[in-house]
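Participant: Just one file: work-v1.cif, with mmCIF, C-alpha atoms.
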```cif
data_target
loop_
_atom_site.group_PDB
_atom_site.id
_atom_site.type_symbol
_atom_site.label_atom_id
_atom_site.label_comp_id
_atom_site.auth_asym_id
_atom_site.auth_seq_id
_atom_site.Cartn_x
_atom_site.Cartn_y
_atom_site.Cartn_z
ATOM 1 C CA MET A 1360 -146.937 -10.520 56.394
ATOM 2 C CA ALA A 1361 -145.273 -13.577 54.844
ATOM 3 C CA ASN A 1362 -141.946 -12.652 56.401
ATOM 4 C CA ASP A 1363 -143.672 -12.117 59.762
ATOM 5 C CA THR A 1364 -145.132 -15.608 59.575
ATOM 6 C CA ARG A 1365 -141.768 -17.108 58.684
ATOM 7 C CA THR A 1366 -140.076 -15.239 61.529
ATOM 8 C CA ARG A 1367 -142.712 -16.388 64.018
ATOM 9 C CA MET A 1368 -142.233 -19.990 62.926
ATOM 10 C CA ILE A 1369 -138.458 -19.761 63.307
ATOM 11 C CA GLU A 1370 -138.706 -18.150 66.755
ATOM 12 C CA ALA A 1371 -141.322 -20.632 67.946
ATOM 13 C CA THR A 1372 -139.293 -23.592 66.710
ATOM 14 C CA ALA A 1373 -136.106 -22.315 68.356
ATOM 15 C CA LEU A 1374 -137.890 -22.068 71.705
ATOM 16 C CA LEU A 1375 -139.623 -25.431 71.392
ATOM 17 C CA LEU A 1376 -136.407 -27.213 70.435
ATOM 18 C CA ARG A 1377 -134.647 -25.855 73.520
ATOM 19 C CA GLN A 1378 -137.554 -26.959 75.685
ATOM 20 C CA ARG A 1379 -138.487 -30.305 74.128
ATOM 21 C CA GLY A 1380 -135.812 -31.413 71.677
ATOM 22 C CA TYR A 1381 -136.341 -32.654 68.130
ATOM 23 C CA HIS A 1382 -138.742 -35.536 68.707
ATOM 24 C CA GLY A 1383 -140.710 -33.618 71.337
ATOM 25 C CA THR A 1384 -141.440 -30.789 68.916
ATOM 26 C CA SER A 1385 -144.250 -31.623 66.514
ATOM 27 C CA LEU A 1386 -145.509 -29.690 63.517
ATOM 28 C CA ASN A 1387 -148.729 -28.999 65.395
ATOM 29 C CA ASP A 1388 -146.704 -27.537 68.276
ATOM 30 C CA ILE A 1389 -144.846 -25.252 65.883
ATOM 31 C CA LEU A 1390 -147.995 -24.105 64.101
ATOM 32 C CA SER A 1391 -149.815 -23.522 67.372
ATOM 33 C CA ALA A 1392 -146.964 -21.599 68.997
ATOM 34 C CA SER A 1393 -146.412 -19.426 65.917
ATOM 35 C CA ALA A 1394 -150.125 -18.958 65.129
ATOM 36 C CA ALA A 1395 -149.295 -19.893 61.536
ATOM 37 C CA PRO A 1396 -151.652 -21.585 59.063
ATOM 38 C CA ARG A 1397 -150.641 -25.145 58.187
ATOM 39 C CA GLY A 1398 -150.062 -24.356 54.525
ATOM 40 C CA SER A 1399 -147.490 -21.717 55.421
ATOM 41 C CA LEU A 1400 -145.025 -24.291 56.747
ATOM 42 C CA TYR A 1401 -144.433 -25.919 53.369
ATOM 43 C CA PHE A 1402 -144.623 -22.557 51.619
ATOM 44 C CA HIS A 1403 -141.673 -21.231 53.642
ATOM 45 C CA PHE A 1404 -139.988 -24.591 54.265
ATOM 46 C CA PRO A 1405 -140.651 -27.019 51.393
ATOM 47 C CA GLY A 1406 -138.616 -29.648 53.237
ATOM 48 C CA GLY A 1407 -141.056 -29.541 56.138
ATOM 49 C CA LYS A 1408 -140.088 -29.894 59.767
ATOM 50 C CA ASP A 1409 -136.555 -31.125 59.075
ATOM 51 C CA GLN A 1410 -135.683 -28.112 56.927
ATOM 52 C CA LEU A 1411 -137.120 -25.749 59.534
ATOM 53 C CA VAL A 1412 -135.284 -27.432 62.409
ATOM 54 C CA ILE A 1413 -131.991 -27.465 60.503
ATOM 55 C CA GLU A 1414 -132.288 -23.762 59.661
ATOM 56 C CA VAL A 1415 -133.183 -22.860 63.242
ATOM 57 C CA THR A 1416 -130.379 -24.979 64.685
ATOM 58 C CA ARG A 1417 -127.827 -23.526 62.279
ATOM 59 C CA ASP A 1418 -128.890 -20.008 63.268
ATOM 60 C CA SER A 1419 -128.641 -20.863 66.978
ATOM 61 C CA VAL A 1420 -125.176 -22.356 66.499
ATOM 62 C CA ASP A 1421 -124.018 -19.278 64.574
ATOM 63 C CA LYS A 1422 -125.210 -16.965 67.362
ATOM 64 C CA VAL A 1423 -123.456 -18.954 70.088
ATOM 65 C CA THR A 1424 -120.286 -19.177 67.992
ATOM 66 C CA GLN A 1425 -120.280 -15.434 67.427
ATOM 67 C CA ARG A 1426 -120.817 -14.623 71.112
ATOM 68 C CA LEU A 1427 -118.132 -17.077 72.193
ATOM 69 C CA GLY A 1428 -115.667 -15.651 69.701
ATOM 70 C CA GLU A 1429 -116.399 -12.113 70.864
ATOM 71 C CA GLU A 1430 -115.946 -13.046 74.532
ATOM 72 C CA LEU A 1431 -112.596 -14.685 73.828
ATOM 73 C CA ALA A 1432 -111.394 -11.819 71.626
ATOM 74 C CA ALA A 1433 -112.392 -9.113 74.110
ATOM 75 C CA GLU A 1434 -109.986 -10.263 76.825
ATOM 76 C CA LYS A 1435 -106.290 -10.975 76.319
ATOM 77 C CA ASP A 1436 -106.119 -13.339 79.287
ATOM 78 C CA PRO A 1437 -108.138 -16.454 78.360
ATOM 79 C CA ALA A 1438 -108.660 -17.318 82.026
ATOM 80 C CA VAL A 1439 -110.514 -14.043 82.547
ATOM 81 C CA ALA A 1440 -112.376 -14.482 79.256
ATOM 82 C CA VAL A 1441 -113.569 -17.935 80.311
ATOM 83 C CA HIS A 1442 -114.661 -16.588 83.689
ATOM 84 C CA HIS A 1443 -116.743 -13.983 81.836
ATOM 85 C CA ILE A 1444 -118.289 -16.745 79.712
ATOM 86 C CA TYR A 1445 -119.415 -18.635 82.818
ATOM 87 C CA GLN A 1446 -120.882 -15.403 84.186
ATOM 88 C CA SER A 1447 -122.744 -14.830 80.908
ATOM 89 C CA VAL A 1448 -124.193 -18.341 81.065
ATOM 90 C CA ALA A 1449 -125.287 -17.776 84.666
ATOM 91 C CA ARG A 1450 -127.039 -14.533 83.659
ATOM 92 C CA MET A 1451 -128.710 -16.236 80.693
ATOM 93 C CA LEU A 1452 -130.102 -18.970 82.912
ATOM 94 C CA GLU A 1453 -131.353 -16.492 85.478
ATOM 95 C CA ASP A 1454 -132.895 -14.261 82.808
ATOM 96 C CA ASN A 1455 -134.926 -17.133 81.343
ATOM 97 C CA GLN A 1456 -135.834 -18.391 84.836
ATOM 98 C CA PHE A 1457 -133.831 -21.588 84.355
ATOM 99 C CA THR A 1458 -136.114 -22.853 81.609
ATOM 100 C CA LEU A 1459 -133.580 -22.846 78.744
ATOM 101 C CA GLY A 1460 -130.006 -24.049 78.416
ATOM 102 C CA CYS A 1461 -127.778 -24.909 75.480
ATOM 103 C CA PRO A 1462 -129.737 -24.554 72.218
ATOM 104 C CA ILE A 1463 -128.456 -27.821 70.731
ATOM 105 C CA ALA A 1464 -128.191 -30.081 73.791
ATOM 106 C CA PRO A 1465 -131.857 -31.200 73.648
ATOM 107 C CA VAL A 1466 -131.439 -32.007 69.961
ATOM 108 C CA VAL A 1467 -128.283 -34.047 70.617
ATOM 109 C CA LEU A 1468 -129.949 -35.953 73.457
ATOM 110 C CA ASP A 1469 -132.804 -36.837 71.095
ATOM 111 C CA SER A 1470 -130.266 -38.545 68.803
ATOM 112 C CA PRO A 1471 -131.892 -37.529 65.496
ATOM 113 C CA THR A 1472 -129.753 -39.942 63.467
ATOM 114 C CA ASP A 1473 -132.524 -40.150 60.894
ATOM 115 C CA VAL A 1474 -131.677 -36.545 59.967
ATOM 116 C CA PRO A 1475 -127.959 -36.766 59.105
ATOM 117 C CA GLU A 1476 -127.605 -33.064 58.319
ATOM 118 C CA LEU A 1477 -128.940 -32.131 61.752
ATOM 119 C CA ALA A 1478 -126.679 -34.631 63.507
ATOM 120 C CA GLU A 1479 -123.665 -33.299 61.593
ATOM 121 C CA LEU A 1480 -124.628 -29.719 62.440
ATOM 122 C CA CYS A 1481 -124.633 -30.536 66.167
ATOM 123 C CA ARG A 1482 -121.306 -32.376 65.932
ATOM 124 C CA SER A 1483 -119.774 -29.478 64.058
ATOM 125 C CA ALA A 1484 -121.094 -26.973 66.609
ATOM 126 C CA PHE A 1485 -119.222 -28.564 69.478
ATOM 127 C CA GLU A 1486 -116.147 -28.867 67.299
ATOM 128 C CA GLN A 1487 -116.310 -25.122 66.561
ATOM 129 C CA TRP A 1488 -116.831 -24.101 70.177
ATOM 130 C CA ILE A 1489 -114.075 -26.341 71.502
ATOM 131 C CA GLY A 1490 -111.841 -25.132 68.678
ATOM 132 C CA LEU A 1491 -112.379 -21.479 69.585
ATOM 133 C CA LEU A 1492 -111.468 -22.140 73.200
ATOM 134 C CA GLN A 1493 -108.441 -24.214 72.232
ATOM 135 C CA ALA A 1494 -107.196 -21.504 69.870
ATOM 136 C CA ALA A 1495 -107.480 -18.870 72.605
ATOM 137 C CA PHE A 1496 -105.452 -21.030 74.992
ATOM 138 C CA VAL A 1497 -102.800 -21.742 72.351
ATOM 139 C CA ARG A 1498 -102.478 -18.019 71.590
ATOM 140 C CA ALA A 1499 -101.785 -17.455 75.275
ATOM 141 C CA GLY A 1500 -98.957 -19.978 75.193
ATOM 142 C CA VAL A 1501 -100.606 -23.211 76.335
ATOM 143 C CA PRO A 1502 -99.290 -26.290 74.471
ATOM 144 C CA GLU A 1503 -101.793 -27.494 71.888
ATOM 145 C CA ARG A 1504 -102.566 -30.857 73.505
ATOM 146 C CA ARG A 1505 -103.138 -29.278 76.919
ATOM 147 C CA ALA A 1506 -105.154 -26.494 75.294
ATOM 148 C CA HIS A 1507 -107.465 -29.042 73.689
ATOM 149 C CA ALA A 1508 -108.019 -30.833 77.001
ATOM 150 C CA LEU A 1509 -108.775 -27.538 78.759
ATOM 151 C CA ALA A 1510 -111.198 -26.557 75.996
ATOM 152 C CA LEU A 1511 -113.001 -29.885 76.393
ATOM 153 C CA LEU A 1512 -113.160 -29.309 80.139
ATOM 154 C CA VAL A 1513 -114.681 -25.844 79.731
ATOM 155 C CA GLU A 1514 -117.282 -26.925 77.190
ATOM 156 C CA SER A 1515 -118.278 -30.103 79.009
ATOM 157 C CA SER A 1516 -118.538 -28.365 82.372
ATOM 158 C CA LEU A 1517 -120.710 -25.615 80.911
ATOM 159 C CA GLU A 1518 -123.050 -28.153 79.350
ATOM 160 C CA GLY A 1519 -123.357 -30.078 82.610
ATOM 161 C CA LEU A 1520 -123.696 -26.954 84.724
ATOM 162 C CA MET A 1521 -126.594 -25.701 82.630
ATOM 163 C CA VAL A 1522 -128.442 -28.913 83.458
ATOM 164 C CA ILE A 1523 -127.599 -28.669 87.166
ATOM 165 C CA ALA A 1524 -128.581 -24.997 87.333
ATOM 166 C CA ARG A 1525 -131.912 -25.725 85.658
ATOM 167 C CA ALA A 1526 -132.591 -28.616 88.043
ATOM 168 C CA THR A 1527 -131.715 -26.599 91.144
ATOM 169 C CA ARG A 1528 -132.968 -23.265 89.784
ATOM 170 C CA ASP A 1529 -129.765 -21.722 91.056
ATOM 171 C CA ARG A 1530 -126.879 -20.102 89.213
ATOM 172 C CA ALA A 1531 -124.479 -20.577 92.134
ATOM 173 C CA PRO A 1532 -123.013 -23.861 90.772
ATOM 174 C CA VAL A 1533 -122.042 -22.113 87.534
ATOM 175 C CA LEU A 1534 -120.260 -19.308 89.362
ATOM 176 C CA ALA A 1535 -118.512 -21.678 91.779
ATOM 177 C CA VAL A 1536 -117.054 -23.752 88.950
ATOM 178 C CA ALA A 1537 -116.151 -20.570 87.038
ATOM 179 C CA ASP A 1538 -113.615 -19.659 89.728
ATOM 180 C CA GLU A 1539 -112.076 -23.133 89.738
ATOM 181 C CA VAL A 1540 -111.829 -23.470 85.965
ATOM 182 C CA ALA A 1541 -110.416 -19.963 85.552
ATOM 183 C CA ALA A 1542 -107.746 -20.704 88.158
ATOM 184 C CA LEU A 1543 -106.878 -23.955 86.373
ATOM 185 C CA ILE A 1544 -106.503 -22.158 83.054
ATOM 186 C CA GLU A 1545 -104.323 -19.469 84.573
ATOM 187 C CA ALA A 1546 -102.099 -22.106 86.113
ATOM 188 C CA ALA A 1547 -101.565 -23.565 82.622
ATOM 189 C CA LEU A 1548 -100.374 -20.238 81.213
ATOM 190 C CA PRO A 1549 -96.625 -19.660 80.931
ATOM 191 C CA ALA A 1550 -96.902 -16.244 82.595
ATOM 192 C CA LYS A 1551 -99.429 -16.152 85.417
ATOM 193 C CA GLY A 1552 -101.239 -12.923 86.219
ATOM 194 C CA GLU A 1553 -103.171 -11.749 89.205
ATOM 195 C CA LEU A 1554 -106.352 -13.567 88.203
ATOM 196 C CA THR A 1555 -108.190 -13.321 91.506
ATOM 197 C CA ARG A 1556 -107.791 -9.565 91.705
ATOM 198 C CA ARG A 1557 -108.970 -9.050 88.136
ATOM 199 C CA ILE A 1558 -111.948 -11.365 88.521
ATOM 200 C CA ASP A 1559 -113.006 -9.623 91.719
ATOM 201 C CA ALA A 1560 -112.729 -6.261 89.976
ATOM 202 C CA ALA A 1561 -114.837 -7.487 87.045
ATOM 203 C CA VAL A 1562 -117.704 -8.853 89.174
#
```
How would this structure read if it were set down as C-alpha cells?
Facilitator:
Amino acid sequence: MANDTRTRMIEATALLLRQRGYHGTSLNDILSASAAPRGSLYFHFPGGKDQLVIEVTRDSVDKVTQRLGEELAAEKDPAVAVHHIYQSVARMLEDNQFTLGCPIAPVVLDSPTDVPELAELCRSAFEQWIGLLQAAFVRAGVPERRAHALALLVESSLEGLMVIARATRDRAPVLAVADEVAALIEAALPAKGELTRRIDAAV
C-alpha cells in the first residue's frame, strides 16, 4: 500500500509538472491528484515538494534519454533516425490529445532558480539530448562543429514544434519540419543516401 501511494504521487506529480510547471504545481494539487494523505508526502519524500519534483524530473529525463538513444542506435543513417524521432513526437502529441509536450520545458520556463538541483537537472538534460544527437552525426562522418549545430537545430525545433502543435492541436507542423530537417542532415553527410525513398517506405 505504501509503495502504491508513493507511485501515485510520482505519477500525479509528473503529469502536473508537464501541465503546470513547478510553480503551478502545489502540494495540495499533488495530494488531491494522487488521493494521498498529507502525512504520506513527508514520509516518502522527507525533503517535501522539492525532493519529489527532483525525483520525478530525473526519472522523466532518464526515460527521454533512453528513448532518444534507442532511436538513434536503431538506424545507421542519422537522417532517417531523426525523421523517426519527429514521427514519434507527433504520435505522442496526438496520443495525449495535444495536452502534454516536453516533460522539462514547463519546469525550465518557470525558472526555478531557488532549487539549484532542479535547475541543474534541466540544464544537464538538454546537454545530454544534444550530445546524443551530436554523437550520432559525428559517427556518420559530420564534422564535430557542424554536428553540434545540427543537434541544436533538431532539439530546438522539436521543443518549439511541441508548443506549436499543442496550440494548433495539429501534428502536421511536426511532420512538415521532419522532412526538412532530415534532408538537411542527409546533405551534411559525406555519403548521401536515398533519404526520400527510405522515409516514404518507413511511413
Participant: Could you produce a table of the residues of range 1440-1527 of chain A lying within 7 Å of range 1411-1429 of chain A, with the nearest pair of atoms per residue and their separation in Å rounded to one decimal, using all atoms listed in the file, ordered by chain and increasing residue number, as CSV?
Facilitator:
```
residue,atom,partner,partner_atom,distance
A:Pro1462,CA,A:Ser1419,CA,6.5
A:Ile1463,CA,A:Thr1416,CA,7.0
A:Leu1477,CA,A:Ile1413,CA,5.7
A:Leu1480,CA,A:Arg1417,CA,7.0
A:Ala1484,CA,A:Val1420,CA,6.2
A:Trp1488,CA,A:Thr1424,CA,6.4
A:Leu1491,CA,A:Gly1428,CA,6.7
```
Participant: What are the closest atom pairs, with distances in Å to one decimal, for each residue of range 1401-1452 of chain A lying within 9 Å of range 1506-1523 of chain A, using all atoms listed in the file, rows by chain and rising residue number, as a Markdown table?
Facilitator:
```
| residue | atom | partner | partner_atom | distance |
| --- | --- | --- | --- | --- |
| A:Val1441 | CA | A:Val1513 | CA | 8.0 |
| A:Tyr1445 | CA | A:Leu1517 | CA | 7.4 |
| A:Val1448 | CA | A:Met1521 | CA | 7.9 |
| A:Ala1449 | CA | A:Met1521 | CA | 8.3 |
| A:Leu1452 | CA | A:Met1521 | CA | 7.6 |
```
Participant: Determine, counting all atoms listed in the file, which protein, DNA and RNA residues have an atom within 10 Å of an atom of Arg1365 in chain A; residues of the same chain fewer than 2 positions away are not included. Present the result as a ChimeraX atom specification.
Facilitator: /A:1360-1363,1367-1371,1393,1395,1399-1400,1402-1404,1411
Participant: In terms of the shortest atom-to-atom distance over all atoms listed in the file, which of A:Glu1453, A:Val1497, A:Gly1407, A:Tyr1381 is closest to Thr1527 in chain A?
Facilitator: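 Going through A:Glu1453, A:Val1497, A:Gly1407, A:Tyr1381 one by one, the smallest distance to Thr1527 in chain A is for A:Glu1453.
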Participant: May I have the centre and edge lengths, in Å to one decimal, of an axis-aligned box around the listed atoms of range 1482-1487 of chain A with 6 Å added to every side, as lines of an AutoDock Vina configuration file?
Facilitator:
```
center_x = -118.7
center_y = -28.7
center_z = 66.8
size_x = 17.2
size_y = 19.3
size_z = 17.4
```
Participant: Interatomic distance between CA of Arg1525 in chain A and CA of Glu1430 in chain A?
Facilitator: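 A separation of 23.2 Å between them.
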